[in-house]
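**Q** Submitted below is the structure of interest, expressed as C-alpha cells.
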Amino acid sequence: MKWSTARGIFSWLVIFIAIAHIIGLFYHLYFYIWWYDIPVHLLGGLWLGLGVVLWLNRGGVVPTPGRRTITILTTALIVGIGWEVFEWIIGQTAYPEDLIDTTSDLLNDLLGASVAGLISIQAKESKTS
C-alpha cells in the first residue's frame with residue numbers, strides 16, 4: 001500500500017467515524033443497538049493506529065516492526081483508557097456495572113490498532129520485495 005493511499009484512508013476513516021458517532025448519539029443508537037459501539041471502537045482503533053504509523057513514517061526513519069507495533073498498541077490503549085475516563089466523567093458509564101462494556105471497548109480499540117499494525121508491516125514488506 002502506498003503511503004498516499006494510507007493518508008487518504010486515514011482522512012476518510014475519521015470522517016466516517018465522526019458521522020457514525022454523531023448519528024449514534026443523535027438517534028441514541030448506542031443504547032438501542034447493543035453492538036453499535038463495537039464497529040465504532042474497531043474503526044477508531046484502526047484510525048488511531050494508521051495515524052501512529054503515518055506519524056512514525058513522516059521522517060523516513062522507520063522503527064522495527066516490533067517497536068512500531070508496541071507504539072501503535074500502547075497509543076491505542078492510552079487513548080482508549082482516556083476516552084473511557086472521559087465517558088465516566090460525563091456520566092455515560094457507571095462503574096463497576098459497565099466494566100464489561102469498558103473492557104470490550106478497550107479490546108476493540110486494540111484489535112483495530114492491531115489491524116493498522118499488520119497493514120504497516122505488510123506495506124513495508126511489499127516495499128522491500
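Naming scheme: A, B, ... for chains in displayed order of the C-alpha cells; residues 1 onward per chain; ligands 1 onward as shown.
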Skipping near chain neighbours, those fewer than 4 positions away, what residues fall within 12 Å of range 59-62 of chain A using only C-alpha atoms, listed as number ranges by chain?

**A** A: 3, 52-55, 66-69, 71, 120-121, 124

**Q** Write the selection just made, keeping N, CA, C and O atoms, as an mmCIF file, in the first residue's frame?

**A**
```cif
data_model
loop_
_atom_site.group_PDB
_atom_site.id
_atom_site.type_symbol
_atom_site.label_atom_id
_atom_site.label_comp_id
_atom_site.auth_asym_id
_atom_site.auth_seq_id
_atom_site.Cartn_x
_atom_site.Cartn_y
_atom_site.Cartn_z
ATOM 1 N N TRP A 3 1.817 5.101 0.797
ATOM 2 C CA TRP A 3 1.509 5.924 1.962
ATOM 3 C C TRP A 3 0.502 7.005 1.623
ATOM 4 O O TRP A 3 -0.250 7.446 2.487
ATOM 5 N N VAL A 52 -0.736 6.720 13.934
ATOM 6 C CA VAL A 52 0.575 6.475 14.543
ATOM 7 C C VAL A 52 1.569 6.027 13.474
ATOM 8 O O VAL A 52 2.709 6.493 13.437
ATOM 9 N N VAL A 53 1.138 5.144 12.581
ATOM 10 C CA VAL A 53 2.013 4.675 11.504
ATOM 11 C C VAL A 53 2.452 5.848 10.629
ATOM 12 O O VAL A 53 3.641 5.990 10.306
ATOM 13 N N LEU A 54 1.517 6.680 10.236
ATOM 14 C CA LEU A 54 1.852 7.837 9.404
ATOM 15 C C LEU A 54 2.793 8.782 10.144
ATOM 16 O O LEU A 54 3.729 9.323 9.556
ATOM 17 N N TRP A 55 2.567 8.976 11.430
ATOM 18 C CA TRP A 55 3.419 9.849 12.223
ATOM 19 C C TRP A 55 4.832 9.270 12.331
ATOM 20 O O TRP A 55 5.818 9.994 12.203
ATOM 21 N N GLY A 66 8.530 -4.614 15.505
ATOM 22 C CA GLY A 66 8.192 -4.814 16.912
ATOM 23 C C GLY A 66 7.967 -3.505 17.644
ATOM 24 O O GLY A 66 6.970 -3.337 18.357
ATOM 25 N N ARG A 67 8.881 -2.563 17.467
ATOM 26 C CA ARG A 67 8.726 -1.259 18.121
ATOM 27 C C ARG A 67 7.520 -0.506 17.584
ATOM 28 O O ARG A 67 6.810 0.163 18.328
ATOM 29 N N ARG A 68 7.294 -0.612 16.271
ATOM 30 C CA ARG A 68 6.147 0.052 15.664
ATOM 31 C C ARG A 68 4.855 -0.513 16.241
ATOM 32 O O ARG A 68 3.948 0.225 16.611
ATOM 33 N N THR A 69 4.773 -1.828 16.357
ATOM 34 C CA THR A 69 3.576 -2.476 16.888
ATOM 35 C C THR A 69 3.338 -2.093 18.345
ATOM 36 O O THR A 69 2.209 -1.783 18.735
ATOM 37 N N THR A 71 4.342 0.607 19.837
ATOM 38 C CA THR A 71 3.944 2.018 19.859
ATOM 39 C C THR A 71 2.481 2.177 19.471
ATOM 40 O O THR A 71 1.735 2.923 20.106
ATOM 41 N N SER A 120 0.715 -1.891 8.294
ATOM 42 C CA SER A 120 2.021 -1.228 8.174
ATOM 43 C C SER A 120 3.131 -2.235 7.904
ATOM 44 O O SER A 120 4.037 -1.967 7.120
ATOM 45 N N ILE A 121 3.059 -3.399 8.532
ATOM 46 C CA ILE A 121 4.070 -4.435 8.296
ATOM 47 C C ILE A 121 3.967 -4.947 6.860
ATOM 48 O O ILE A 121 4.967 -5.091 6.157
ATOM 49 N N LYS A 124 5.385 -2.365 4.446
ATOM 50 C CA LYS A 124 6.850 -2.339 4.460
ATOM 51 C C LYS A 124 7.427 -3.548 3.742
ATOM 52 O O LYS A 124 8.396 -3.442 3.026
#
```

**Q** From a DSSP pass on the backbone, collect the residues of range 18-109 of chain A flagged as alpha helix (DSSP H) and hand them back as a VMD selection string.

**A** chain A and resid 18 to 26 29 to 32 37 to 56 65 to 89 99 to 109

**Q** Return the single residue from A:Ile72, A:Glu97, A:Gly82, A:Ile22 that is closest to Gly51 in chain A, with distances computed using only C-alpha atoms.

**A**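 Smallest separation from Gly51 in chain A among the options: A:Ile72.
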
**Q** Considering only C-alpha atoms, return as a PDB file with all heavy atoms, in the first residue's frame whatever protein or nucleic-acid residues lie within 12 Å of Leu110 in chain A, sequence-local ones (same chain, fewer than 3 positions apart) excluded.

**A**
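The result, written out as selection24.pdb:
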```pdb
ATOM      1  N   ILE A  38     -19.269  -1.377  18.959  1.00  0.00           N
ATOM      2  CA  ILE A  38     -18.186  -2.295  18.581  1.00  0.00           C
ATOM      3  C   ILE A  38     -17.504  -1.845  17.286  1.00  0.00           C
ATOM      4  O   ILE A  38     -16.277  -1.652  17.276  1.00  0.00           O
ATOM      5  CB  ILE A  38     -18.688  -3.754  18.505  1.00  0.00           C
ATOM      6  CG1 ILE A  38     -19.064  -4.225  19.908  1.00  0.00           C
ATOM      7  CG2 ILE A  38     -17.627  -4.665  17.882  1.00  0.00           C
ATOM      8  CD1 ILE A  38     -19.728  -5.590  19.952  1.00  0.00           C
ATOM      9  N   HIS A  41     -15.569   1.450  17.822  1.00  0.00           N
ATOM     10  CA  HIS A  41     -14.288   1.280  18.520  1.00  0.00           C
ATOM     11  C   HIS A  41     -13.266   0.584  17.630  1.00  0.00           C
ATOM     12  O   HIS A  41     -12.077   0.945  17.643  1.00  0.00           O
ATOM     13  CB  HIS A  41     -14.475   0.523  19.833  1.00  0.00           C
ATOM     14  CG  HIS A  41     -14.918   1.400  20.953  1.00  0.00           C
ATOM     15  ND1 HIS A  41     -14.050   2.128  21.724  1.00  0.00           N
ATOM     16  CD2 HIS A  41     -16.156   1.685  21.421  1.00  0.00           C
ATOM     17  CE1 HIS A  41     -14.714   2.821  22.629  1.00  0.00           C
ATOM     18  NE2 HIS A  41     -16.003   2.560  22.461  1.00  0.00           N
ATOM     19  N   LEU A  42     -13.694  -0.409  16.863  1.00  0.00           N
ATOM     20  CA  LEU A  42     -12.763  -1.076  15.935  1.00  0.00           C
ATOM     21  C   LEU A  42     -12.200  -0.079  14.926  1.00  0.00           C
ATOM     22  O   LEU A  42     -10.984  -0.028  14.691  1.00  0.00           O
ATOM     23  CB  LEU A  42     -13.465  -2.216  15.197  1.00  0.00           C
ATOM     24  CG  LEU A  42     -13.760  -3.472  15.997  1.00  0.00           C
ATOM     25  CD1 LEU A  42     -14.690  -4.395  15.216  1.00  0.00           C
ATOM     26  CD2 LEU A  42     -12.470  -4.191  16.348  1.00  0.00           C
ATOM     27  N   LEU A  43     -13.073   0.711  14.331  1.00  0.00           N
ATOM     28  CA  LEU A  43     -12.631   1.699  13.339  1.00  0.00           C
ATOM     29  C   LEU A  43     -11.813   2.814  13.988  1.00  0.00           C
ATOM     30  O   LEU A  43     -10.853   3.316  13.393  1.00  0.00           O
ATOM     31  CB  LEU A  43     -13.829   2.277  12.594  1.00  0.00           C
ATOM     32  CG  LEU A  43     -14.557   1.301  11.678  1.00  0.00           C
ATOM     33  CD1 LEU A  43     -15.822   1.936  11.112  1.00  0.00           C
ATOM     34  CD2 LEU A  43     -13.641   0.818  10.561  1.00  0.00           C
ATOM     35  N   GLY A  44     -12.189   3.182  15.212  1.00  0.00           N
ATOM     36  CA  GLY A  44     -11.403   4.186  15.932  1.00  0.00           C
ATOM     37  C   GLY A  44      -9.989   3.700  16.211  1.00  0.00           C
ATOM     38  O   GLY A  44      -9.017   4.449  16.061  1.00  0.00           O
ATOM     39  N   GLY A  45      -9.866   2.447  16.612  1.00  0.00           N
ATOM     40  CA  GLY A  45      -8.534   1.866  16.828  1.00  0.00           C
ATOM     41  C   GLY A  45      -7.736   1.796  15.539  1.00  0.00           C
ATOM     42  O   GLY A  45      -6.535   2.076  15.517  1.00  0.00           O
ATOM     43  N   LEU A  46      -8.404   1.416  14.447  1.00  0.00           N
ATOM     44  CA  LEU A  46      -7.747   1.376  13.143  1.00  0.00           C
ATOM     45  C   LEU A  46      -7.276   2.773  12.746  1.00  0.00           C
ATOM     46  O   LEU A  46      -6.136   2.963  12.311  1.00  0.00           O
ATOM     47  CB  LEU A  46      -8.698   0.811  12.088  1.00  0.00           C
ATOM     48  CG  LEU A  46      -8.194   0.813  10.650  1.00  0.00           C
ATOM     49  CD1 LEU A  46      -6.962  -0.062  10.496  1.00  0.00           C
ATOM     50  CD2 LEU A  46      -9.302   0.346   9.704  1.00  0.00           C
ATOM     51  N   TRP A  47      -8.159   3.757  12.905  1.00  0.00           N
ATOM     52  CA  TRP A  47      -7.814   5.137  12.559  1.00  0.00           C
ATOM     53  C   TRP A  47      -6.626   5.625  13.379  1.00  0.00           C
ATOM     54  O   TRP A  47      -5.679   6.198  12.839  1.00  0.00           O
ATOM     55  CB  TRP A  47      -9.026   6.052  12.775  1.00  0.00           C
ATOM     56  CG  TRP A  47      -8.713   7.488  12.574  1.00  0.00           C
ATOM     57  CD1 TRP A  47      -8.565   8.143  11.381  1.00  0.00           C
ATOM     58  CD2 TRP A  47      -8.465   8.453  13.598  1.00  0.00           C
ATOM     59  NE1 TRP A  47      -8.255   9.461  11.611  1.00  0.00           N
ATOM     60  CE2 TRP A  47      -8.182   9.682  12.965  1.00  0.00           C
ATOM     61  CE3 TRP A  47      -8.463   8.391  14.981  1.00  0.00           C
ATOM     62  CZ2 TRP A  47      -7.901  10.830  13.671  1.00  0.00           C
ATOM     63  CZ3 TRP A  47      -8.185   9.549  15.685  1.00  0.00           C
ATOM     64  CH2 TRP A  47      -7.905  10.751  15.029  1.00  0.00           C
ATOM     65  N   LEU A  48      -6.673   5.386  14.673  1.00  0.00           N
ATOM     66  CA  LEU A  48      -5.585   5.825  15.543  1.00  0.00           C
ATOM     67  C   LEU A  48      -4.286   5.108  15.179  1.00  0.00           C
ATOM     68  O   LEU A  48      -3.222   5.732  15.107  1.00  0.00           O
ATOM     69  CB  LEU A  48      -5.946   5.571  17.010  1.00  0.00           C
ATOM     70  CG  LEU A  48      -4.975   6.103  18.032  1.00  0.00           C
ATOM     71  CD1 LEU A  48      -4.883   7.621  17.946  1.00  0.00           C
ATOM     72  CD2 LEU A  48      -5.409   5.685  19.426  1.00  0.00           C
ATOM     73  N   GLY A  49      -4.387   3.805  14.932  1.00  0.00           N
ATOM     74  CA  GLY A  49      -3.196   3.041  14.544  1.00  0.00           C
ATOM     75  C   GLY A  49      -2.590   3.540  13.245  1.00  0.00           C
ATOM     76  O   GLY A  49      -1.363   3.679  13.133  1.00  0.00           O
ATOM     77  N   THR A  69       4.773  -1.828  16.357  1.00  0.00           N
ATOM     78  CA  THR A  69       3.576  -2.476  16.888  1.00  0.00           C
ATOM     79  C   THR A  69       3.338  -2.093  18.345  1.00  0.00           C
ATOM     80  O   THR A  69       2.209  -1.783  18.735  1.00  0.00           O
ATOM     81  CB  THR A  69       3.685  -4.007  16.737  1.00  0.00           C
ATOM     82  OG1 THR A  69       3.886  -4.315  15.359  1.00  0.00           O
ATOM     83  CG2 THR A  69       2.449  -4.705  17.245  1.00  0.00           C
ATOM     84  N   ILE A  70       4.392  -2.107  19.143  1.00  0.00           N
ATOM     85  CA  ILE A  70       4.258  -1.723  20.554  1.00  0.00           C
ATOM     86  C   ILE A  70       3.801  -0.274  20.670  1.00  0.00           C
ATOM     87  O   ILE A  70       2.926   0.047  21.484  1.00  0.00           O
ATOM     88  CB  ILE A  70       5.581  -1.954  21.315  1.00  0.00           C
ATOM     89  CG1 ILE A  70       5.814  -3.459  21.482  1.00  0.00           C
ATOM     90  CG2 ILE A  70       5.577  -1.257  22.667  1.00  0.00           C
ATOM     91  CD1 ILE A  70       7.181  -3.819  22.003  1.00  0.00           C
ATOM     92  N   THR A  71       4.342   0.607  19.837  1.00  0.00           N
ATOM     93  CA  THR A  71       3.944   2.018  19.859  1.00  0.00           C
ATOM     94  C   THR A  71       2.481   2.177  19.471  1.00  0.00           C
ATOM     95  O   THR A  71       1.735   2.923  20.106  1.00  0.00           O
ATOM     96  CB  THR A  71       4.844   2.845  18.915  1.00  0.00           C
ATOM     97  OG1 THR A  71       6.206   2.670  19.313  1.00  0.00           O
ATOM     98  CG2 THR A  71       4.481   4.310  18.954  1.00  0.00           C
ATOM     99  N   ILE A  72       2.067   1.465  18.430  1.00  0.00           N
ATOM    100  CA  ILE A  72       0.666   1.534  17.977  1.00  0.00           C
ATOM    101  C   ILE A  72      -0.274   1.051  19.076  1.00  0.00           C
ATOM    102  O   ILE A  72      -1.261   1.714  19.406  1.00  0.00           O
ATOM    103  CB  ILE A  72       0.472   0.707  16.687  1.00  0.00           C
ATOM    104  CG1 ILE A  72       1.190   1.374  15.512  1.00  0.00           C
ATOM    105  CG2 ILE A  72      -1.007   0.511  16.371  1.00  0.00           C
ATOM    106  CD1 ILE A  72       1.305   0.485  14.290  1.00  0.00           C
ATOM    107  N   LEU A  73       0.007  -0.119  19.651  1.00  0.00           N
ATOM    108  CA  LEU A  73      -0.880  -0.693  20.661  1.00  0.00           C
ATOM    109  C   LEU A  73      -0.889   0.129  21.951  1.00  0.00           C
ATOM    110  O   LEU A  73      -1.953   0.321  22.559  1.00  0.00           O
ATOM    111  CB  LEU A  73      -0.497  -2.144  20.940  1.00  0.00           C
ATOM    112  CG  LEU A  73      -0.701  -3.108  19.772  1.00  0.00           C
ATOM    113  CD1 LEU A  73      -0.211  -4.499  20.138  1.00  0.00           C
ATOM    114  CD2 LEU A  73      -2.145  -3.139  19.334  1.00  0.00           C
ATOM    115  N   THR A  74       0.277   0.622  22.351  1.00  0.00           N
ATOM    116  CA  THR A  74       0.344   1.439  23.565  1.00  0.00           C
ATOM    117  C   THR A  74      -0.449   2.731  23.384  1.00  0.00           C
ATOM    118  O   THR A  74      -1.195   3.146  24.281  1.00  0.00           O
ATOM    119  CB  THR A  74       1.808   1.754  23.924  1.00  0.00           C
ATOM    120  OG1 THR A  74       2.513   0.527  24.088  1.00  0.00           O
ATOM    121  CG2 THR A  74       1.905   2.585  25.192  1.00  0.00           C
ATOM    122  N   THR A  75      -0.296   3.356  22.228  1.00  0.00           N
ATOM    123  CA  THR A  75      -1.039   4.592  21.959  1.00  0.00           C
ATOM    124  C   THR A  75      -2.536   4.321  21.968  1.00  0.00           C
ATOM    125  O   THR A  75      -3.316   5.083  22.561  1.00  0.00           O
ATOM    126  CB  THR A  75      -0.609   5.192  20.605  1.00  0.00           C
ATOM    127  OG1 THR A  75       0.799   5.426  20.631  1.00  0.00           O
ATOM    128  CG2 THR A  75      -1.340   6.492  20.328  1.00  0.00           C
ATOM    129  N   ALA A  76      -2.963   3.230  21.323  1.00  0.00           N
ATOM    130  CA  ALA A  76      -4.391   2.885  21.295  1.00  0.00           C
ATOM    131  C   ALA A  76      -4.918   2.637  22.705  1.00  0.00           C
ATOM    132  O   ALA A  76      -6.027   3.070  23.040  1.00  0.00           O
ATOM    133  CB  ALA A  76      -4.630   1.669  20.408  1.00  0.00           C
ATOM    134  N   LEU A  77      -4.138   1.957  23.523  1.00  0.00           N
ATOM    135  CA  LEU A  77      -4.570   1.674  24.893  1.00  0.00           C
ATOM    136  C   LEU A  77      -4.672   2.957  25.716  1.00  0.00           C
ATOM    137  O   LEU A  77      -5.661   3.165  26.432  1.00  0.00           O
ATOM    138  CB  LEU A  77      -3.611   0.685  25.557  1.00  0.00           C
ATOM    139  CG  LEU A  77      -4.025   0.166  26.925  1.00  0.00           C
ATOM    140  CD1 LEU A  77      -5.366  -0.564  26.851  1.00  0.00           C
ATOM    141  CD2 LEU A  77      -2.959  -0.750  27.486  1.00  0.00           C
ATOM    142  N   ILE A  78      -3.693   3.837  25.598  1.00  0.00           N
ATOM    143  CA  ILE A  78      -3.714   5.084  26.360  1.00  0.00           C
ATOM    144  C   ILE A  78      -4.894   5.957  25.935  1.00  0.00           C
ATOM    145  O   ILE A  78      -5.637   6.487  26.775  1.00  0.00           O
ATOM    146  CB  ILE A  78      -2.377   5.841  26.216  1.00  0.00           C
ATOM    147  CG1 ILE A  78      -1.275   5.072  26.951  1.00  0.00           C
ATOM    148  CG2 ILE A  78      -2.480   7.273  26.725  1.00  0.00           C
ATOM    149  CD1 ILE A  78       0.127   5.559  26.650  1.00  0.00           C
ATOM    150  N   VAL A  79      -5.091   6.105  24.633  1.00  0.00           N
ATOM    151  CA  VAL A  79      -6.204   6.926  24.143  1.00  0.00           C
ATOM    152  C   VAL A  79      -7.538   6.274  24.514  1.00  0.00           C
ATOM    153  O   VAL A  79      -8.483   6.963  24.919  1.00  0.00           O
ATOM    154  CB  VAL A  79      -6.097   7.161  22.619  1.00  0.00           C
ATOM    155  CG1 VAL A  79      -7.346   7.817  22.061  1.00  0.00           C
ATOM    156  CG2 VAL A  79      -4.865   8.004  22.310  1.00  0.00           C
ATOM    157  N   GLY A  80      -7.626   4.943  24.391  1.00  0.00           N
ATOM    158  CA  GLY A  80      -8.855   4.239  24.761  1.00  0.00           C
ATOM    159  C   GLY A  80      -9.200   4.409  26.229  1.00  0.00           C
ATOM    160  O   GLY A  80     -10.359   4.666  26.586  1.00  0.00           O
ATOM    161  N   ILE A  81      -8.201   4.285  27.098  1.00  0.00           N
ATOM    162  CA  ILE A  81      -8.437   4.495  28.532  1.00  0.00           C
ATOM    163  C   ILE A  81      -8.867   5.938  28.781  1.00  0.00           C
ATOM    164  O   ILE A  81      -9.799   6.199  29.554  1.00  0.00           O
ATOM    165  CB  ILE A  81      -7.189   4.123  29.356  1.00  0.00           C
ATOM    166  CG1 ILE A  81      -6.980   2.608  29.332  1.00  0.00           C
ATOM    167  CG2 ILE A  81      -7.308   4.636  30.792  1.00  0.00           C
ATOM    168  CD1 ILE A  81      -5.657   2.155  29.921  1.00  0.00           C
ATOM    169  N   THR A 103     -14.189  -2.899  29.151  1.00  0.00           N
ATOM    170  CA  THR A 103     -13.161  -3.854  28.734  1.00  0.00           C
ATOM    171  C   THR A 103     -13.334  -4.223  27.266  1.00  0.00           C
ATOM    172  O   THR A 103     -12.358  -4.270  26.511  1.00  0.00           O
ATOM    173  CB  THR A 103     -13.220  -5.117  29.618  1.00  0.00           C
ATOM    174  OG1 THR A 103     -13.090  -4.732  30.987  1.00  0.00           O
ATOM    175  CG2 THR A 103     -12.126  -6.093  29.251  1.00  0.00           C
ATOM    176  N   SER A 104     -14.565  -4.453  26.850  1.00  0.00           N
ATOM    177  CA  SER A 104     -14.850  -4.760  25.447  1.00  0.00           C
ATOM    178  C   SER A 104     -14.438  -3.601  24.543  1.00  0.00           C
ATOM    179  O   SER A 104     -13.848  -3.806  23.474  1.00  0.00           O
ATOM    180  CB  SER A 104     -16.337  -5.067  25.281  1.00  0.00           C
ATOM    181  OG  SER A 104     -16.694  -5.140  23.930  1.00  0.00           O
ATOM    182  N   ASP A 105     -14.743  -2.386  24.954  1.00  0.00           N
ATOM    183  CA  ASP A 105     -14.362  -1.210  24.170  1.00  0.00           C
ATOM    184  C   ASP A 105     -12.850  -1.130  23.995  1.00  0.00           C
ATOM    185  O   ASP A 105     -12.349  -0.888  22.891  1.00  0.00           O
ATOM    186  CB  ASP A 105     -14.865   0.076  24.829  1.00  0.00           C
ATOM    187  CG  ASP A 105     -16.375   0.220  24.772  1.00  0.00           C
ATOM    188  OD1 ASP A 105     -17.026  -0.543  24.033  1.00  0.00           O
ATOM    189  OD2 ASP A 105     -16.907   1.105  25.481  1.00  0.00           O
ATOM    190  N   LEU A 106     -12.107  -1.349  25.081  1.00  0.00           N
ATOM    191  CA  LEU A 106     -10.647  -1.284  25.005  1.00  0.00           C
ATOM    192  C   LEU A 106     -10.082  -2.400  24.135  1.00  0.00           C
ATOM    193  O   LEU A 106      -9.140  -2.180  23.358  1.00  0.00           O
ATOM    194  CB  LEU A 106     -10.044  -1.341  26.409  1.00  0.00           C
ATOM    195  CG  LEU A 106     -10.306  -0.124  27.292  1.00  0.00           C
ATOM    196  CD1 LEU A 106      -9.795  -0.367  28.702  1.00  0.00           C
ATOM    197  CD2 LEU A 106      -9.675   1.122  26.695  1.00  0.00           C
ATOM    198  N   LEU A 107     -10.654  -3.592  24.236  1.00  0.00           N
ATOM    199  CA  LEU A 107     -10.188  -4.694  23.391  1.00  0.00           C
ATOM    200  C   LEU A 107     -10.475  -4.416  21.918  1.00  0.00           C
ATOM    201  O   LEU A 107      -9.649  -4.728  21.045  1.00  0.00           O
ATOM    202  CB  LEU A 107     -10.830  -6.016  23.827  1.00  0.00           C
ATOM    203  CG  LEU A 107     -10.336  -6.559  25.166  1.00  0.00           C
ATOM    204  CD1 LEU A 107     -11.146  -7.790  25.574  1.00  0.00           C
ATOM    205  CD2 LEU A 107      -8.850  -6.887  25.104  1.00  0.00           C
ATOM    206  N   ALA A 113      -6.382  -1.262  16.208  1.00  0.00           N
ATOM    207  CA  ALA A 113      -4.994  -0.803  16.118  1.00  0.00           C
ATOM    208  C   ALA A 113      -4.080  -1.922  15.623  1.00  0.00           C
ATOM    209  O   ALA A 113      -3.131  -1.669  14.880  1.00  0.00           O
ATOM    210  CB  ALA A 113      -4.527  -0.285  17.473  1.00  0.00           C
ATOM    211  N   SER A 114      -4.371  -3.156  16.013  1.00  0.00           N
ATOM    212  CA  SER A 114      -3.581  -4.300  15.541  1.00  0.00           C
ATOM    213  C   SER A 114      -3.682  -4.444  14.028  1.00  0.00           C
ATOM    214  O   SER A 114      -2.697  -4.768  13.361  1.00  0.00           O
ATOM    215  CB  SER A 114      -4.057  -5.594  16.209  1.00  0.00           C
ATOM    216  OG  SER A 114      -3.872  -5.529  17.587  1.00  0.00           O
ATOM    217  N   VAL A 115      -4.868  -4.214  13.495  1.00  0.00           N
ATOM    218  CA  VAL A 115      -5.045  -4.269  12.044  1.00  0.00           C
ATOM    219  C   VAL A 115      -4.161  -3.205  11.379  1.00  0.00           C
ATOM    220  O   VAL A 115      -3.514  -3.471  10.359  1.00  0.00           O
ATOM    221  CB  VAL A 115      -6.529  -4.098  11.651  1.00  0.00           C
ATOM    222  CG1 VAL A 115      -6.693  -3.942  10.149  1.00  0.00           C
ATOM    223  CG2 VAL A 115      -7.341  -5.284  12.161  1.00  0.00           C
ATOM    224  N   ALA A 116      -4.105  -2.022  11.959  1.00  0.00           N
ATOM    225  CA  ALA A 116      -3.232  -0.969  11.420  1.00  0.00           C
ATOM    226  C   ALA A 116      -1.770  -1.411  11.465  1.00  0.00           C
ATOM    227  O   ALA A 116      -1.013  -1.164  10.520  1.00  0.00           O
ATOM    228  CB  ALA A 116      -3.422   0.327  12.196  1.00  0.00           C
ATOM    229  N   GLY A 117      -1.384  -2.072  12.550  1.00  0.00           N
ATOM    230  CA  GLY A 117      -0.023  -2.586  12.653  1.00  0.00           C
ATOM    231  C   GLY A 117       0.276  -3.617  11.579  1.00  0.00           C
ATOM    232  O   GLY A 117       1.342  -3.603  10.954  1.00  0.00           O
TER     233      GLY A 117
END
```

**Q** Calculate how many Å separate CA of His28 in chain A from CA of Leu99 in chain A, rounding to one decimal.

**A** 20.4 Å
